[in-house]
$ cat coords38.pdb   # PDB, C-alpha atoms
ATOM      1  CA  MET A 746       3.149   5.377  -2.225  1.00  0.00           C
ATOM      2  CA  PRO A 747       4.685   2.232  -0.743  1.00  0.00           C
ATOM      3  CA  ALA A 748       4.836  -1.019  -2.673  1.00  0.00           C
ATOM      4  CA  TYR A 749       4.461  -4.303  -0.809  1.00  0.00           C
ATOM      5  CA  PHE A 750       5.976  -7.490  -2.194  1.00  0.00           C
ATOM      6  CA  ASP A 751       8.119 -10.450  -1.237  1.00  0.00           C
ATOM      7  CA  PRO A 752      11.725  -9.307  -1.887  1.00  0.00           C
ATOM      8  CA  SER A 753      12.498 -12.705  -3.465  1.00  0.00           C
ATOM      9  CA  LEU A 754      10.077 -11.740  -6.249  1.00  0.00           C
ATOM     10  CA  ILE A 755      12.789  -9.559  -7.802  1.00  0.00           C
ATOM     11  CA  ASP A 756      15.062 -12.579  -8.288  1.00  0.00           C
ATOM     12  CA  GLN A 757      12.210 -14.702  -9.608  1.00  0.00           C
ATOM     13  CA  LEU A 758      11.374 -12.173 -12.301  1.00  0.00           C
ATOM     14  CA  THR A 759      13.974 -12.765 -14.996  1.00  0.00           C
ATOM     15  CA  GLY A 760      13.869 -12.996 -18.775  1.00  0.00           C
ATOM     16  CA  TYR A 761      11.098 -11.427 -20.827  1.00  0.00           C
ATOM     17  CA  LEU A 762       8.213  -9.584 -19.203  1.00  0.00           C
ATOM     18  CA  ILE A 763       5.139  -8.283 -21.064  1.00  0.00           C
ATOM     19  CA  ILE A 764       3.451  -5.299 -19.440  1.00  0.00           C
ATOM     20  CA  ASP A 765      -0.351  -5.330 -19.663  1.00  0.00           C
ATOM     21  CA  THR A 766      -2.154  -2.099 -20.570  1.00  0.00           C
ATOM     22  CA  ASN A 767      -3.454  -1.460 -17.035  1.00  0.00           C
ATOM     23  CA  VAL A 768       0.069  -1.667 -15.561  1.00  0.00           C
ATOM     24  CA  LEU A 769       1.459   0.475 -18.370  1.00  0.00           C
ATOM     25  CA  HIS A 770      -1.226   3.059 -17.664  1.00  0.00           C
ATOM     26  CA  SER A 771      -0.347   3.161 -13.958  1.00  0.00           C
ATOM     27  CA  CYS A 772       3.329   3.570 -14.891  1.00  0.00           C
ATOM     28  CA  PHE A 773       2.332   6.474 -17.156  1.00  0.00           C
ATOM     29  CA  THR A 774       0.230   8.284 -14.566  1.00  0.00           C
ATOM     30  CA  ASP A 775       2.179   7.816 -11.333  1.00  0.00           C
ATOM     31  CA  PRO A 776       5.945   8.374 -11.016  1.00  0.00           C
ATOM     32  CA  LYS A 777       6.164   6.423  -7.739  1.00  0.00           C
ATOM     33  CA  PHE A 778       4.401   3.435  -9.260  1.00  0.00           C
ATOM     34  CA  PHE A 779       6.720   3.653 -12.272  1.00  0.00           C
ATOM     35  CA  VAL A 780       9.882   3.769 -10.131  1.00  0.00           C
ATOM     36  CA  ASP A 781       8.770   0.913  -7.852  1.00  0.00           C
ATOM     37  CA  PHE A 782       7.687  -1.215 -10.799  1.00  0.00           C
ATOM     38  CA  MET A 783      11.069  -0.689 -12.465  1.00  0.00           C
ATOM     39  CA  VAL A 784      12.812  -1.809  -9.253  1.00  0.00           C
ATOM     40  CA  ILE A 785      10.737  -4.993  -9.032  1.00  0.00           C
ATOM     41  CA  THR A 786      11.311  -5.837 -12.720  1.00  0.00           C
ATOM     42  CA  LYS A 787      14.935  -4.726 -12.934  1.00  0.00           C
ATOM     43  CA  ASN A 788      16.166  -8.183 -14.008  1.00  0.00           C
ATOM     44  CA  THR A 789      13.762  -8.484 -16.931  1.00  0.00           C
ATOM     45  CA  GLN A 790      13.560  -7.253 -20.500  1.00  0.00           C
ATOM     46  CA  LEU A 791      10.343  -5.223 -20.664  1.00  0.00           C
ATOM     47  CA  LEU A 792       8.237  -6.026 -23.714  1.00  0.00           C
ATOM     48  CA  ILE A 793       5.357  -4.086 -25.221  1.00  0.00           C
ATOM     49  CA  ASP A 794       2.897  -6.283 -27.108  1.00  0.00           C
ATOM     50  CA  PRO A 795       1.502  -4.563 -30.251  1.00  0.00           C
ATOM     51  CA  ILE A 796      -2.040  -5.023 -28.859  1.00  0.00           C
ATOM     52  CA  VAL A 797      -1.017  -3.393 -25.557  1.00  0.00           C
ATOM     53  CA  ARG A 798       0.539  -0.534 -27.518  1.00  0.00           C
ATOM     54  CA  LEU A 799      -2.711  -0.043 -29.426  1.00  0.00           C
ATOM     55  CA  GLU A 800      -4.851  -0.244 -26.258  1.00  0.00           C
ATOM     56  CA  PHE A 801      -2.562   2.245 -24.524  1.00  0.00           C
ATOM     57  CA  MET A 802      -2.534   4.757 -27.379  1.00  0.00           C
ATOM     58  CA  ARG A 803      -6.162   4.570 -28.455  1.00  0.00           C
ATOM     59  CA  GLY A 804      -8.501   7.173 -27.140  1.00  0.00           C
ATOM     60  CA  ALA A 805      -5.751   9.790 -26.804  1.00  0.00           C
ATOM     61  CA  TYR A 806      -7.570  12.207 -29.081  1.00  0.00           C
ATOM     62  CA  GLN A 807      -5.821  15.293 -27.677  1.00  0.00           C
ATOM     63  CA  GLU A 808      -2.627  15.977 -29.587  1.00  0.00           C
ATOM     64  CA  ASN A 809      -0.504  16.704 -26.491  1.00  0.00           C
ATOM     65  CA  LEU A 810      -1.697  13.594 -24.624  1.00  0.00           C
ATOM     66  CA  TYR A 811      -0.997  11.527 -27.741  1.00  0.00           C
ATOM     67  CA  ALA A 812       2.524  13.001 -27.915  1.00  0.00           C
ATOM     68  CA  GLU A 813       3.124  12.326 -24.202  1.00  0.00           C
ATOM     69  CA  LYS A 814       2.025   8.710 -24.548  1.00  0.00           C
ATOM     70  CA  ARG A 815       4.270   8.236 -27.569  1.00  0.00           C
ATOM     71  CA  ALA A 816       7.188   9.786 -25.699  1.00  0.00           C
ATOM     72  CA  PHE A 817       6.534   7.484 -22.739  1.00  0.00           C
ATOM     73  CA  LEU A 818       6.734   4.412 -24.973  1.00  0.00           C
ATOM     74  CA  GLU A 819      10.177   5.581 -26.139  1.00  0.00           C
ATOM     75  CA  TYR A 820      11.677   4.596 -22.791  1.00  0.00           C
ATOM     76  CA  ASP A 821      15.026   2.948 -23.408  1.00  0.00           C
ATOM     77  CA  LYS A 822      14.089  -0.084 -21.285  1.00  0.00           C
ATOM     78  CA  PHE A 823      11.046  -0.930 -23.429  1.00  0.00           C
ATOM     79  CA  TYR A 824      11.158  -3.301 -26.393  1.00  0.00           C
ATOM     80  CA  ILE A 825       8.358  -3.493 -28.933  1.00  0.00           C
ATOM     81  CA  MET A 826       7.376  -7.010 -29.997  1.00  0.00           C
ATOM     82  CA  THR A 827       7.206  -7.233 -33.762  1.00  0.00           C
ATOM     83  CA  ASP A 828       4.685  -8.881 -36.045  1.00  0.00           C
ATOM     84  CA  HIS A 829       5.362 -10.851 -39.201  1.00  0.00           C
ATOM     85  CA  TYR A 830       3.449 -13.278 -41.389  1.00  0.00           C
ATOM     86  CA  GLN A 831       4.244 -16.418 -39.412  1.00  0.00           C
ATOM     87  CA  MET A 832       3.404 -14.619 -36.173  1.00  0.00           C
ATOM     88  CA  TYR A 833      -0.051 -13.620 -37.486  1.00  0.00           C
ATOM     89  CA  LYS A 834      -0.766 -17.185 -38.511  1.00  0.00           C
ATOM     90  CA  ASP A 835       0.355 -18.658 -35.172  1.00  0.00           C
ATOM     91  CA  LEU A 836      -1.427 -15.932 -33.249  1.00  0.00           C
ATOM     92  CA  TYR A 837      -4.827 -16.547 -34.851  1.00  0.00           C
ATOM     93  CA  ASP A 838      -4.510 -20.340 -34.542  1.00  0.00           C
ATOM     94  CA  ARG A 839      -3.661 -20.120 -30.857  1.00  0.00           C
ATOM     95  CA  ALA A 840      -6.227 -17.396 -30.170  1.00  0.00           C
ATOM     96  CA  LEU A 841      -8.964 -19.667 -31.508  1.00  0.00           C
ATOM     97  CA  SER A 842      -7.829 -22.618 -29.361  1.00  0.00           C
ATOM     98  CA  ILE A 843      -7.556 -20.451 -26.243  1.00  0.00           C
ATOM     99  CA  SER A 844     -10.972 -18.877 -26.782  1.00  0.00           C
ATOM    100  CA  ARG A 845     -12.473 -22.373 -26.969  1.00  0.00           C
ATOM    101  CA  ILE A 846     -10.779 -23.312 -23.673  1.00  0.00           C
ATOM    102  CA  TYR A 847     -12.038 -20.164 -21.957  1.00  0.00           C
ATOM    103  CA  SER A 848     -15.565 -20.746 -23.292  1.00  0.00           C
ATOM    104  CA  HIS A 849     -15.470 -24.313 -22.007  1.00  0.00           C
ATOM    105  CA  HIS A 850     -14.575 -22.904 -18.568  1.00  0.00           C
ATOM    106  CA  GLY A 851     -17.476 -20.474 -18.513  1.00  0.00           C
ATOM    107  CA  LYS A 852     -15.778 -17.415 -19.951  1.00  0.00           C
ATOM    108  CA  PRO A 853     -16.932 -16.934 -23.532  1.00  0.00           C
ATOM    109  CA  ASP A 854     -16.625 -13.148 -23.220  1.00  0.00           C
ATOM    110  CA  LEU A 855     -12.843 -12.952 -22.855  1.00  0.00           C
ATOM    111  CA  LYS A 856     -11.797  -9.531 -24.144  1.00  0.00           C
ATOM    112  CA  LEU A 857     -10.324  -9.664 -27.634  1.00  0.00           C
ATOM    113  CA  GLY A 858      -7.194  -7.730 -26.651  1.00  0.00           C
ATOM    114  CA  ASP A 859      -6.532 -10.074 -23.734  1.00  0.00           C
ATOM    115  CA  LEU A 860      -7.133 -13.099 -25.969  1.00  0.00           C
ATOM    116  CA  PHE A 861      -4.376 -11.958 -28.334  1.00  0.00           C
ATOM    117  CA  ILE A 862      -1.997 -11.251 -25.445  1.00  0.00           C
ATOM    118  CA  ILE A 863      -2.549 -14.789 -24.125  1.00  0.00           C
ATOM    119  CA  ALA A 864      -2.164 -16.213 -27.648  1.00  0.00           C
ATOM    120  CA  ARG A 865       1.184 -14.449 -28.066  1.00  0.00           C
ATOM    121  CA  MET A 866       2.316 -15.731 -24.682  1.00  0.00           C
ATOM    122  CA  ALA A 867       1.321 -19.230 -25.776  1.00  0.00           C
ATOM    123  CA  ILE A 868       3.681 -18.937 -28.750  1.00  0.00           C
ATOM    124  CA  TYR A 869       6.618 -18.267 -26.436  1.00  0.00           C
ATOM    125  CA  LYS A 870       5.328 -20.760 -23.855  1.00  0.00           C
ATOM    126  CA  SER A 871       6.986 -20.308 -20.468  1.00  0.00           C
ATOM    127  CA  ARG A 872       9.671 -17.929 -21.710  1.00  0.00           C
ATOM    128  CA  VAL A 873       7.654 -14.793 -21.040  1.00  0.00           C
ATOM    129  CA  ILE A 874       6.027 -13.390 -17.915  1.00  0.00           C
ATOM    130  CA  LEU A 875       2.994 -11.108 -17.870  1.00  0.00           C
ATOM    131  CA  ALA A 876       2.488  -8.257 -15.390  1.00  0.00           C
ATOM    132  CA  THR A 877      -1.209  -7.432 -15.107  1.00  0.00           C
ATOM    133  CA  MET A 878      -3.832  -6.059 -12.724  1.00  0.00           C
ATOM    134  CA  ASP A 879      -6.612  -7.966 -14.496  1.00  0.00           C
ATOM    135  CA  LYS A 880      -7.663 -10.889 -12.295  1.00  0.00           C
ATOM    136  CA  ASP A 881     -10.699 -11.853 -14.397  1.00  0.00           C
ATOM    137  CA  ASP A 882      -9.145 -12.659 -17.755  1.00  0.00           C
ATOM    138  CA  PHE A 883      -5.734 -13.688 -16.444  1.00  0.00           C
ATOM    139  CA  GLY A 884      -6.364 -16.309 -13.792  1.00  0.00           C
ATOM    140  CA  THR A 885      -4.683 -19.595 -13.004  1.00  0.00           C
ATOM    141  CA  LEU A 886      -6.599 -21.498 -15.701  1.00  0.00           C
ATOM    142  CA  LEU A 887      -3.665 -21.224 -18.124  1.00  0.00           C
ATOM    143  CA  PHE A 888      -1.075 -19.455 -15.978  1.00  0.00           C
ATOM    144  CA  ASN A 889       1.179 -20.063 -13.012  1.00  0.00           C
ATOM    145  CA  ARG A 890       1.243 -17.137 -10.634  1.00  0.00           C
ATOM    146  CA  ILE A 891       4.841 -16.251  -9.801  1.00  0.00           C
ATOM    147  CA  GLY A 892       3.961 -13.545  -7.323  1.00  0.00           C
ATOM    148  CA  ILE A 893       2.062 -10.371  -6.605  1.00  0.00           C
ATOM    149  CA  ALA A 894       2.980  -6.821  -5.674  1.00  0.00           C
ATOM    150  CA  THR A 895       0.621  -4.392  -4.006  1.00  0.00           C
ATOM    151  CA  PHE A 896       0.858  -0.672  -4.637  1.00  0.00           C
ATOM    152  CA  THR A 897      -1.010   1.984  -2.717  1.00  0.00           C
ATOM    153  CA  ARG A 898      -1.716   5.150  -4.593  1.00  0.00           C
ATOM    154  CA  GLU A 899      -2.909   8.438  -3.174  1.00  0.00           C
ATOM    155  CA  LYS A 900      -5.644  10.075  -5.126  1.00  0.00           C
ATOM    156  CA  LYS A 901      -6.337  13.572  -3.994  1.00  0.00           C
ATOM    157  CA  ASP A 902      -8.389  16.378  -5.358  1.00  0.00           C
ATOM    158  CA  LYS A 903      -9.500  19.671  -3.931  1.00  0.00           C
ATOM    159  CA  HIS A 904     -11.762  18.134  -1.301  1.00  0.00           C
ATOM    160  CA  VAL A 905     -11.014  14.471  -0.769  1.00  0.00           C
ATOM    161  CA  GLN A 906      -7.975  12.268  -0.357  1.00  0.00           C
ATOM    162  CA  LYS A 907      -8.358   8.576  -1.067  1.00  0.00           C
ATOM    163  CA  ASP A 908      -6.020   5.591  -0.958  1.00  0.00           C
ATOM    164  CA  ILE A 909      -6.310   3.249  -3.887  1.00  0.00           C
ATOM    165  CA  ILE A 910      -4.799  -0.224  -3.613  1.00  0.00           C
ATOM    166  CA  GLU A 911      -3.624  -1.775  -6.861  1.00  0.00           C
ATOM    167  CA  VAL A 912      -2.522  -5.396  -7.078  1.00  0.00           C
ATOM    168  CA  THR A 913      -0.218  -6.443  -9.889  1.00  0.00           C
ATOM    169  CA  GLN A 914       0.230 -10.134 -10.495  1.00  0.00           C
ATOM    170  CA  PHE A 915       3.087 -11.772 -12.382  1.00  0.00           C
ATOM    171  CA  LEU A 916       2.087 -14.785 -14.439  1.00  0.00           C
ATOM    172  CA  ARG A 917       3.825 -17.389 -16.549  1.00  0.00           C
ATOM    173  CA  PHE A 918       1.980 -19.293 -19.286  1.00  0.00           C
ATOM    174  CA  ASP A 919       1.522 -22.978 -18.432  1.00  0.00           C
ATOM    175  CA  GLN A 920       1.724 -24.985 -21.653  1.00  0.00           C
ATOM    176  CA  LYS A 921       1.026 -28.304 -19.912  1.00  0.00           C
ATOM    177  CA  GLN A 922      -2.168 -26.979 -18.363  1.00  0.00           C
ATOM    178  CA  CYS A 923      -3.154 -25.499 -21.740  1.00  0.00           C
ATOM    179  CA  ASP A 924      -2.652 -28.867 -23.478  1.00  0.00           C
ATOM    180  CA  GLU A 925      -4.706 -30.608 -20.782  1.00  0.00           C
ATOM    181  CA  CYS A 926      -7.519 -28.056 -21.108  1.00  0.00           C
ATOM    182  CA  PHE A 927      -7.488 -28.360 -24.884  1.00  0.00           C
ATOM    183  CA  GLY A 928      -7.546 -32.142 -24.655  1.00  0.00           C
ATOM    184  CA  GLY A 929     -10.494 -31.855 -22.283  1.00  0.00           C
ATOM    185  CA  LEU A 930     -12.737 -30.041 -24.763  1.00  0.00           C
ATOM    186  CA  PRO A 931     -15.869 -32.134 -25.290  1.00  0.00           C
ATOM    187  CA  LYS A 932     -16.102 -33.973 -28.606  1.00  0.00           C
ATOM    188  CA  ARG A 933     -19.835 -33.507 -28.841  1.00  0.00           C
TER     189      ARG A 933
ATOM    190  CA  MET B 105       6.512  -1.766 -39.684  1.00  0.00           C
ATOM    191  CA  LEU B 106      10.252  -2.025 -39.120  1.00  0.00           C
ATOM    192  CA  LYS B 107      12.606   0.477 -40.702  1.00  0.00           C
ATOM    193  CA  LYS B 108      15.580  -0.937 -42.595  1.00  0.00           C
ATOM    194  CA  THR B 109      17.990   0.569 -40.080  1.00  0.00           C
ATOM    195  CA  GLU B 110      16.292  -1.036 -37.075  1.00  0.00           C
ATOM    196  CA  LYS B 111      17.996  -4.127 -35.846  1.00  0.00           C
ATOM    197  CA  LEU B 112      15.902  -7.079 -34.884  1.00  0.00           C
ATOM    198  CA  GLN B 113      16.893  -8.674 -31.641  1.00  0.00           C
ATOM    199  CA  LYS B 114      16.563 -12.406 -31.537  1.00  0.00           C
ATOM    200  CA  ASN B 115      19.424 -14.145 -29.849  1.00  0.00           C
ATOM    201  CA  GLU B 116      17.919 -17.377 -28.615  1.00  0.00           C
ATOM    202  CA  GLN B 117      15.641 -19.968 -30.105  1.00  0.00           C
ATOM    203  CA  ASN B 118      11.939 -19.143 -29.713  1.00  0.00           C
ATOM    204  CA  ALA B 119      12.847 -15.793 -28.163  1.00  0.00           C
ATOM    205  CA  PRO B 120      10.475 -12.913 -28.929  1.00  0.00           C
ATOM    206  CA  VAL B 121      11.514 -10.801 -31.903  1.00  0.00           C
ATOM    207  CA  VAL B 122      11.761  -7.286 -30.559  1.00  0.00           C
ATOM    208  CA  VAL B 123      12.983  -3.851 -31.461  1.00  0.00           C
ATOM    209  CA  LYS B 124      14.169  -1.214 -28.999  1.00  0.00           C
ATOM    210  CA  ALA B 125      11.350   1.241 -28.370  1.00  0.00           C
ATOM    211  CA  GLY B 126      13.426   4.394 -28.048  1.00  0.00           C
ATOM    212  CA  SER B 127      16.246   6.137 -26.264  1.00  0.00           C
ATOM    213  CA  ARG B 128      14.580   8.186 -23.532  1.00  0.00           C
ATOM    214  CA  SER B 129      16.343   7.818 -20.192  1.00  0.00           C
ATOM    215  CA  HIS B 130      14.831   6.835 -16.865  1.00  0.00           C
ATOM    216  CA  ARG B 131      15.132  10.430 -15.618  1.00  0.00           C
ATOM    217  CA  GLU B 132      13.330  11.811 -18.701  1.00  0.00           C
ATOM    218  CA  ILE B 133      10.483   9.358 -18.266  1.00  0.00           C
ATOM    219  CA  VAL B 134      10.121  10.071 -14.531  1.00  0.00           C
ATOM    220  CA  GLU B 135       9.905  13.794 -15.340  1.00  0.00           C
ATOM    221  CA  LEU B 136       7.314  13.127 -18.044  1.00  0.00           C
ATOM    222  CA  VAL B 137       5.194  10.941 -15.749  1.00  0.00           C
ATOM    223  CA  THR B 138       5.414  13.549 -12.968  1.00  0.00           C
ATOM    224  CA  ARG B 139       4.059  16.193 -15.371  1.00  0.00           C
ATOM    225  CA  VAL B 140       1.265  13.845 -16.440  1.00  0.00           C
ATOM    226  CA  LYS B 141       0.325  13.191 -12.800  1.00  0.00           C
ATOM    227  CA  GLU B 142       0.193  16.906 -12.044  1.00  0.00           C
ATOM    228  CA  LYS B 143      -2.085  17.491 -15.039  1.00  0.00           C
ATOM    229  CA  ILE B 144      -4.391  14.677 -13.935  1.00  0.00           C
ATOM    230  CA  GLU B 145      -4.596  16.113 -10.403  1.00  0.00           C
ATOM    231  CA  LYS B 146      -5.508  19.523 -11.796  1.00  0.00           C
ATOM    232  CA  MET B 147      -8.198  17.974 -13.980  1.00  0.00           C
ATOM    233  CA  GLU B 148      -9.569  15.904 -11.090  1.00  0.00           C
ATOM    234  CA  ALA B 149      -9.728  19.015  -8.928  1.00  0.00           C
ATOM    235  CA  LYS B 150     -11.850  20.717 -11.589  1.00  0.00           C
ATOM    236  CA  ILE B 151     -14.131  17.711 -11.945  1.00  0.00           C
ATOM    237  CA  SER B 152     -14.486  17.476  -8.175  1.00  0.00           C
ATOM    238  CA  TYR B 153     -15.368  21.152  -7.968  1.00  0.00           C
ATOM    239  CA  THR B 154     -18.078  20.642 -10.598  1.00  0.00           C
ATOM    240  CA  SER B 155     -19.465  17.611  -8.811  1.00  0.00           C
ATOM    241  CA  VAL B 156     -19.443  19.347  -5.415  1.00  0.00           C
ATOM    242  CA  TYR B 157     -21.264  22.308  -6.964  1.00  0.00           C
ATOM    243  CA  HIS B 158     -23.741  19.949  -8.602  1.00  0.00           C
ATOM    244  CA  ASN B 159     -24.322  18.020  -5.338  1.00  0.00           C
ATOM    245  CA  ALA B 160     -24.859  21.268  -3.467  1.00  0.00           C
ATOM    246  CA  ARG B 161     -27.521  22.247  -5.994  1.00  0.00           C
ATOM    247  CA  VAL B 162     -29.186  18.851  -5.756  1.00  0.00           C
ATOM    248  CA  LEU B 163     -29.206  18.951  -1.959  1.00  0.00           C
TER     249      LEU B 163
END
$ encode --input "coords38.pdb" --output "structure tokens"
Amino acid sequence: MPAYFDPSLIDQLTGYLIIDTNVLHSCFTDPKFFVDFMVITKNTQLLIDPIVRLEFMRGAYQENLYAEKRAFLEYDKFYIMTDHYQMYKDLYDRALSISRIYSHHGKPDLKLGDLFIIARMAIYKSRVILATMDKDDFGTLLFNRIGIATFTREKKDKHVQKDIIEVTQFLRFDQKQCDECFGGLPKR
Amino acid sequence: MLKKTEKLQKNEQNAPVVVKAGSRSHREIVELVTRVKEKIEKMEAKISYTSVYHNARVL
């Protein structure tokens, strides 16, 4: 499964990087994707947002799948982001502001999990990068796109072999754009 | 919830407060993911067999 990306992307990805649930899931289900993704993000500290952790773990009703997912999250390159009182307060305040901006731009149905991921990124402003495959909720409204990487994945079963193309984008929160959008909310 | 023994990592101002997730090595994780992929492929093969059988009946 080759990965296609601009080699300079590796040097551009430094600092903290939050992995979205869809990317985490691909890492969990495909060793080639996992290895390539780790190469691309080798200069970053990989962060797991508590919401991403919950999204990743939920639905694993089978005991062995649950145990495998837990074991996967114990990778020594992953860091779990922690919650505390001040964080909750900031998170809810920012989540409300961001949901109003998205509604104003025709997206009132932003998924709750994604809203909290964006809100947490807003707290750390441009210090953190997000890796996601979701192009709907994570567009350039509030983010700067640093780059993209394309992964092709072979999906084969007994009868058919298919190529699936997955695009992961790397985004940085744009505080200036967020302030402008917030300032642009209609007064009445 | 953090355990008392876990060390919070916050070195710079406005840096995310994080705690190391675990101690499993890269090799361990690659082996785990490879096993997961094999299981998924087996499951998909079963599902495909069912759907092919079903399609054959429908046709």
$ interface_residues --input "coords38.pdb" --of "chain A" --to "chain B" --cutoff "7 Å" --atoms "all atoms listed in the file" --output "list in words"
Phe773, Thr774, Asp775, Pro776, Phe817, Leu818, Glu819, Tyr820, Asp821, Phe823, Tyr824, Ile825, Met826, Thr827, Tyr869, Asp902 and Lys903 of chain A
$ atom_distance --input "coords38.pdb" --atom1 "atom CA of A:Tyr830" --atom2 "atom CA of A:Ala867"
16.8 Å
$ residues_around --input "coords38.pdb" --residues "stretch 786-799 of chain A" --least-positions-apart "2" --cutoff "10 Å" --atoms "only C-alpha atoms" --output "MDAnalysis selection string"
(chainID A and resid 754:767 769 781:784 801:804 814:815 818 821:828 857:862 865:866 873:876) or (chainID B and resid 120 122:125)
$ residues_around --input "coords38.pdb" --residues "A:Phe778" --least-positions-apart "5" --cutoff "10 Å" --atoms "all atoms listed in the file" --output "VMD selection string"
(chain A and resid 746 to 748 768 771 to 773 783 to 784 896 to 898 911) or (chain B and resid 137)
$ atom_distance --input "coords38.pdb" --atom1 "atom CA of A:Phe750" --atom2 "atom CA of A:Ile893"
6.6 Å
$ residues_around --input "coords38.pdb" --residues "A:Leu887" --least-positions-apart "2" --cutoff "9 Å" --atoms "all atoms listed in the file" --output "VMD selection string"
chain A and resid 863 883 to 885 889 917 to 923 926
$ write_last_selection --input "coords38.pdb" --atoms "C-alpha atoms" --output "compact mmCIF listing (two decimals), in the coordinates of the input"
# COMPACT_ATOMS: atom_id res chain seq x y z
CA ILE A 863 -2.55 -14.79 -24.12
CA PHE A 883 -5.73 -13.69 -16.44
CA GLY A 884 -6.36 -16.31 -13.79
CA THR A 885 -4.68 -19.60 -13.00
CA ASN A 889 1.18 -20.06 -13.01
CA ARG A 917 3.82 -17.39 -16.55
CA PHE A 918 1.98 -19.29 -19.29
CA ASP A 919 1.52 -22.98 -18.43
CA GLN A 920 1.72 -24.98 -21.65
CA LYS A 921 1.03 -28.30 -19.91
CA GLN A 922 -2.17 -26.98 -18.36
CA CYS A 923 -3.15 -25.50 -21.74
CA CYS A 926 -7.52 -28.06 -21.11
$ atom_distance --input "coords38.pdb" --atom1 "atom CA of A:Thr895" --atom2 "atom CA of A:Thr913"
6.3 Å
$ resolve_selection --input "coords38.pdb" --expression "the PyMOL selection byres ((chain A and resi 843) around 9)" --output "mmCIF file with C-alpha atoms, keeping the file's coordinate frame"
data_model
loop_
_atom_site.group_PDB
_atom_site.id
_atom_site.type_symbol
_atom_site.label_atom_id
_atom_site.label_comp_id
_atom_site.auth_asym_id
_atom_site.auth_seq_id
_atom_site.Cartn_x
_atom_site.Cartn_y
_atom_site.Cartn_z
ATOM 1 C CA ASP A 838 -4.510 -20.340 -34.542
ATOM 2 C CA ARG A 839 -3.661 -20.120 -30.857
ATOM 3 C CA ALA A 840 -6.227 -17.396 -30.170
ATOM 4 C CA LEU A 841 -8.964 -19.667 -31.508
ATOM 5 C CA SER A 842 -7.829 -22.618 -29.361
ATOM 6 C CA SER A 844 -10.972 -18.877 -26.782
ATOM 7 C CA ARG A 845 -12.473 -22.373 -26.969
ATOM 8 C CA ILE A 846 -10.779 -23.312 -23.673
ATOM 9 C CA TYR A 847 -12.038 -20.164 -21.957
ATOM 10 C CA SER A 848 -15.565 -20.746 -23.292
ATOM 11 C CA LEU A 860 -7.133 -13.099 -25.969
ATOM 12 C CA ILE A 863 -2.549 -14.789 -24.125
ATOM 13 C CA ALA A 864 -2.164 -16.213 -27.648
ATOM 14 C CA ALA A 867 1.321 -19.230 -25.776
ATOM 15 C CA CYS A 923 -3.154 -25.499 -21.740
ATOM 16 C CA PHE A 927 -7.488 -28.360 -24.884
#
$ closest_residue --input "coords38.pdb" --among "A:Asp924, A:Ile868, A:Asp854, A:Asp881" --to "A:Asp835" --atoms "all atoms listed in the file"
A:Ile868
$ closest_residue --input "coords38.pdb" --among "A:His849, A:Lys880, A:Lys834, A:Arg872" --to "A:Pro931" --atoms "all atoms listed in the file"
A:His849
